Amino acid sequence: MFVVMNRVHVTPEWEERVELRFSQRQGQIEKNPGFVRMHIMRPQTPETPYVIYMEWENKPAFENWVASEDFKLAHANPLPKEAFAGGNKLEQHEVFVSSDMK
């Protein structure tokens, strides 16, 4: 399992538009081979970033999505710089221990 997290700091006046944009893309990434799940998490405290959490079967599946037309479409027409309070941070992890509720 391969996990990617993108931490995005959004300015308060742009939060609604950012959330709408993510909501409108729902259902697209699921079409990509190797995709497992995605969570887009809204911060609950000031100055905390949104977190886009994605699980992929493996790293090549994620890399194939990044190279795909779907990825290009999802990242076309980016929001203006004033929508963001600083940069984003992309993290990539390989899962080596996992636990689920039964």
# chains A, B, ... in the order shown; residues from 1 in each chain; ligands from 1

call {"tool": "residues_around", "arguments": {"residues": "Glu94 of chain A", "least_positions_apart": "3", "cutoff": "12 Å", "atoms": "only C-alpha atoms", "output": "list in words"}}
result
Met1, Phe2, Val3, Val4, Met5, Met54, Glu55, Trp56, Glu57, Asn58, Lys59, Pro60, Phe62, Glu91, Val97 and Ser98 of chain A

call {"tool": "write_last_selection", "arguments": {"atoms": "C-alpha atoms", "output": "tab-separated table (two decimals), in the first residue's frame"}}
result
chain	number	residue	atom	x	y	z
A	1	MET	CA	0.00	0.00	0.00
A	2	PHE	CA	1.26	3.47	-0.91
A	3	VAL	CA	-0.08	6.61	0.81
A	4	VAL	CA	0.19	10.18	-0.42
A	5	MET	CA	-0.79	13.18	1.69
A	54	MET	CA	-4.87	9.09	-0.93
A	55	GLU	CA	-4.22	5.37	-0.81
A	56	TRP	CA	-2.89	3.52	-3.84
A	57	GLU	CA	-2.13	-0.17	-4.34
A	58	ASN	CA	1.51	0.74	-4.97
A	59	LYS	CA	3.80	3.62	-5.93
A	60	PRO	CA	3.68	2.90	-9.69
A	62	PHE	CA	0.23	6.71	-8.07
A	91	GLU	CA	4.30	13.47	1.57
A	97	VAL	CA	2.14	-1.91	9.30
A	98	SER	CA	-1.64	-1.56	9.07

call {"tool": "select_by_dssp", "arguments": {"residues": "chain A", "states": "strand (DSSP E)", "output": "PyMOL selection string"}}
result
chain A and resi 2-10+35-41+50-56+84-94

call {"tool": "residues_around", "arguments": {"residues": "Glu69 of chain A", "least_positions_apart": "5", "cutoff": "12 Å", "atoms": "only C-alpha atoms", "output": "PyMOL selection string"}}
result
chain A and resi 28-29+31-32+64+74-76

call {"tool": "write_last_selection", "arguments": {"atoms": "N, CA and C atoms", "output": "short mmCIF file (atom, residue, chain, number, x, y, z; two decimals), in the first residue's frame"}}
result
data_model
loop_
_atom_site.label_atom_id
_atom_site.label_comp_id
_atom_site.auth_asym_id
_atom_site.auth_seq_id
_atom_site.Cartn_x
_atom_site.Cartn_y
_atom_site.Cartn_z
N GLN A 28 -13.83 11.15 -10.02
CA GLN A 28 -12.91 11.08 -11.15
C GLN A 28 -11.70 10.20 -10.85
N ILE A 29 -11.05 10.45 -9.72
CA ILE A 29 -9.82 9.72 -9.39
C ILE A 29 -10.09 8.22 -9.24
N LYS A 31 -11.53 6.26 -11.03
CA LYS A 31 -11.45 5.54 -12.31
C LYS A 31 -10.05 5.07 -12.63
N ASN A 32 -9.07 5.50 -11.86
CA ASN A 32 -7.67 5.20 -12.17
C ASN A 32 -7.25 3.85 -11.58
N ASN A 64 1.54 6.57 -12.21
CA ASN A 64 0.77 6.50 -13.46
C ASN A 64 -0.35 7.53 -13.46
N ALA A 74 -7.39 17.51 -13.49
CA ALA A 74 -7.66 17.86 -12.09
C ALA A 74 -6.86 19.07 -11.64
N HIS A 75 -5.72 19.31 -12.27
CA HIS A 75 -4.85 20.40 -11.85
C HIS A 75 -4.82 21.56 -12.86
N ALA A 76 -5.73 21.50 -13.84
CA ALA A 76 -5.84 22.61 -14.80
C ALA A 76 -6.51 23.79 -14.12
#

call {"tool": "residues_around", "arguments": {"residues": "segment 12-26 of chain A", "least_positions_apart": "3", "cutoff": "10 Å", "atoms": "only C-alpha atoms", "output": "list of chain:residue names"}}
result
A:His9, A:Ile29, A:Glu30, A:Met38, A:Ile40, A:Met41, A:Arg42, A:Pro46, A:Glu47, A:Tyr50, A:Ile52, A:Leu73, A:Ala74, A:Leu79, A:Pro80, A:Glu82, A:Ala83, A:Phe84, A:Ala85

call {"tool": "write_last_selection", "arguments": {"atoms": "N, CA and C atoms", "output": "PDB file, in the first residue's frame"}}
result
ATOM      1  N   HIS A   9      -2.424  24.743   2.876  1.00  0.00           N
ATOM      2  CA  HIS A   9      -2.893  25.856   3.703  1.00  0.00           C
ATOM      3  C   HIS A   9      -3.739  26.784   2.838  1.00  0.00           C
ATOM      4  N   ILE A  29     -11.053  10.452  -9.720  1.00  0.00           N
ATOM      5  CA  ILE A  29      -9.824   9.716  -9.390  1.00  0.00           C
ATOM      6  C   ILE A  29     -10.086   8.220  -9.236  1.00  0.00           C
ATOM      7  N   GLU A  30     -11.307   7.875  -8.845  1.00  0.00           N
ATOM      8  CA  GLU A  30     -11.662   6.473  -8.630  1.00  0.00           C
ATOM      9  C   GLU A  30     -11.540   5.622  -9.893  1.00  0.00           C
ATOM     10  N   MET A  38      -9.617   7.913  -1.058  1.00  0.00           N
ATOM     11  CA  MET A  38      -9.165   9.276  -0.820  1.00  0.00           C
ATOM     12  C   MET A  38     -10.043   9.886   0.260  1.00  0.00           C
ATOM     13  N   ILE A  40     -10.518  13.843   1.915  1.00  0.00           N
ATOM     14  CA  ILE A  40     -10.121  15.250   1.942  1.00  0.00           C
ATOM     15  C   ILE A  40     -10.594  15.771   3.284  1.00  0.00           C
ATOM     16  N   MET A  41      -9.636  16.180   4.095  1.00  0.00           N
ATOM     17  CA  MET A  41      -9.922  16.519   5.491  1.00  0.00           C
ATOM     18  C   MET A  41      -9.864  18.025   5.722  1.00  0.00           C
ATOM     19  N   ARG A  42     -10.958  18.530   6.314  1.00  0.00           N
ATOM     20  CA  ARG A  42     -11.098  19.940   6.635  1.00  0.00           C
ATOM     21  C   ARG A  42     -10.461  20.214   7.994  1.00  0.00           C
ATOM     22  N   PRO A  46      -7.494  26.929  13.525  1.00  0.00           N
ATOM     23  CA  PRO A  46      -6.876  27.929  12.644  1.00  0.00           C
ATOM     24  C   PRO A  46      -5.429  27.565  12.313  1.00  0.00           C
ATOM     25  N   GLU A  47      -5.014  27.976  11.150  1.00  0.00           N
ATOM     26  CA  GLU A  47      -3.643  27.792  10.670  1.00  0.00           C
ATOM     27  C   GLU A  47      -3.247  26.331  10.470  1.00  0.00           C
ATOM     28  N   TYR A  50      -5.586  21.917   5.107  1.00  0.00           N
ATOM     29  CA  TYR A  50      -6.409  20.833   4.593  1.00  0.00           C
ATOM     30  C   TYR A  50      -5.450  19.686   4.303  1.00  0.00           C
ATOM     31  N   ILE A  52      -5.188  16.223   1.962  1.00  0.00           N
ATOM     32  CA  ILE A  52      -5.719  15.331   0.945  1.00  0.00           C
ATOM     33  C   ILE A  52      -4.952  14.020   1.117  1.00  0.00           C
ATOM     34  N   LEU A  73      -6.118  17.242 -15.966  1.00  0.00           N
ATOM     35  CA  LEU A  73      -7.431  17.871 -15.887  1.00  0.00           C
ATOM     36  C   LEU A  73      -7.734  18.347 -14.467  1.00  0.00           C
ATOM     37  N   ALA A  74      -7.387  17.509 -13.489  1.00  0.00           N
ATOM     38  CA  ALA A  74      -7.659  17.857 -12.086  1.00  0.00           C
ATOM     39  C   ALA A  74      -6.856  19.071 -11.639  1.00  0.00           C
ATOM     40  N   LEU A  79      -6.161  27.628  -8.771  1.00  0.00           N
ATOM     41  CA  LEU A  79      -6.666  28.801  -8.054  1.00  0.00           C
ATOM     42  C   LEU A  79      -5.552  29.837  -7.934  1.00  0.00           C
ATOM     43  N   PRO A  80      -5.912  31.107  -7.752  1.00  0.00           N
ATOM     44  CA  PRO A  80      -4.876  32.147  -7.644  1.00  0.00           C
ATOM     45  C   PRO A  80      -4.055  32.002  -6.367  1.00  0.00           C
ATOM     46  N   GLU A  82      -3.479  33.970  -4.021  1.00  0.00           N
ATOM     47  CA  GLU A  82      -4.085  34.508  -2.794  1.00  0.00           C
ATOM     48  C   GLU A  82      -5.034  33.525  -2.109  1.00  0.00           C
ATOM     49  N   ALA A  83      -5.345  32.407  -2.772  1.00  0.00           N
ATOM     50  CA  ALA A  83      -6.181  31.369  -2.147  1.00  0.00           C
ATOM     51  C   ALA A  83      -5.404  30.581  -1.101  1.00  0.00           C
ATOM     52  N   PHE A  84      -4.093  30.676  -1.163  1.00  0.00           N
ATOM     53  CA  PHE A  84      -3.266  29.832  -0.313  1.00  0.00           C
ATOM     54  C   PHE A  84      -2.422  30.656   0.652  1.00  0.00           C
ATOM     55  N   ALA A  85      -2.295  30.142   1.849  1.00  0.00           N
ATOM     56  CA  ALA A  85      -1.496  30.789   2.897  1.00  0.00           C
ATOM     57  C   ALA A  85      -0.167  30.050   2.996  1.00  0.00           C
TER      58      ALA A  85
END

call {"tool": "closest_residue", "arguments": {"among": "A:Arg37, A:Lys72, A:Lys89, A:Arg7", "to": "Pro49 of chain A", "atoms": "only C-alpha atoms"}}
result
A:Arg7

call {"tool": "atom_distance", "arguments": {"atom1": "atom CA of Val8 of chain A", "atom2": "atom CA of Asn88 of chain A"}}
result
4.6 Å

call {"tool": "select_by_dssp", "arguments": {"residues": "chain A", "states": "alpha helix (DSSP H)", "output": "list in words"}}
result
Glu15, Glu16, Arg17, Val18, Glu19, Leu20, Arg21, Phe22, Ser23, Gln24, Arg25, Lys59, Pro60, Ala61, Phe62, Glu63, Asn64, Trp65, Val66, Glu69, Asp70, Phe71, Lys72, Leu73 and Ala74 of chain A

call {"tool": "closest_residue", "arguments": {"among": "A:Pro43, A:Met101, A:Val51, A:Phe35", "to": "Val66 of chain A", "atoms": "only C-alpha atoms"}}
result
A:Phe35

call {"tool": "closest_residue", "arguments": {"among": "A:Ala61, A:Gly34, A:Val10, A:Phe71", "to": "Thr48 of chain A", "atoms": "only C-alpha atoms"}}
result
A:Val10
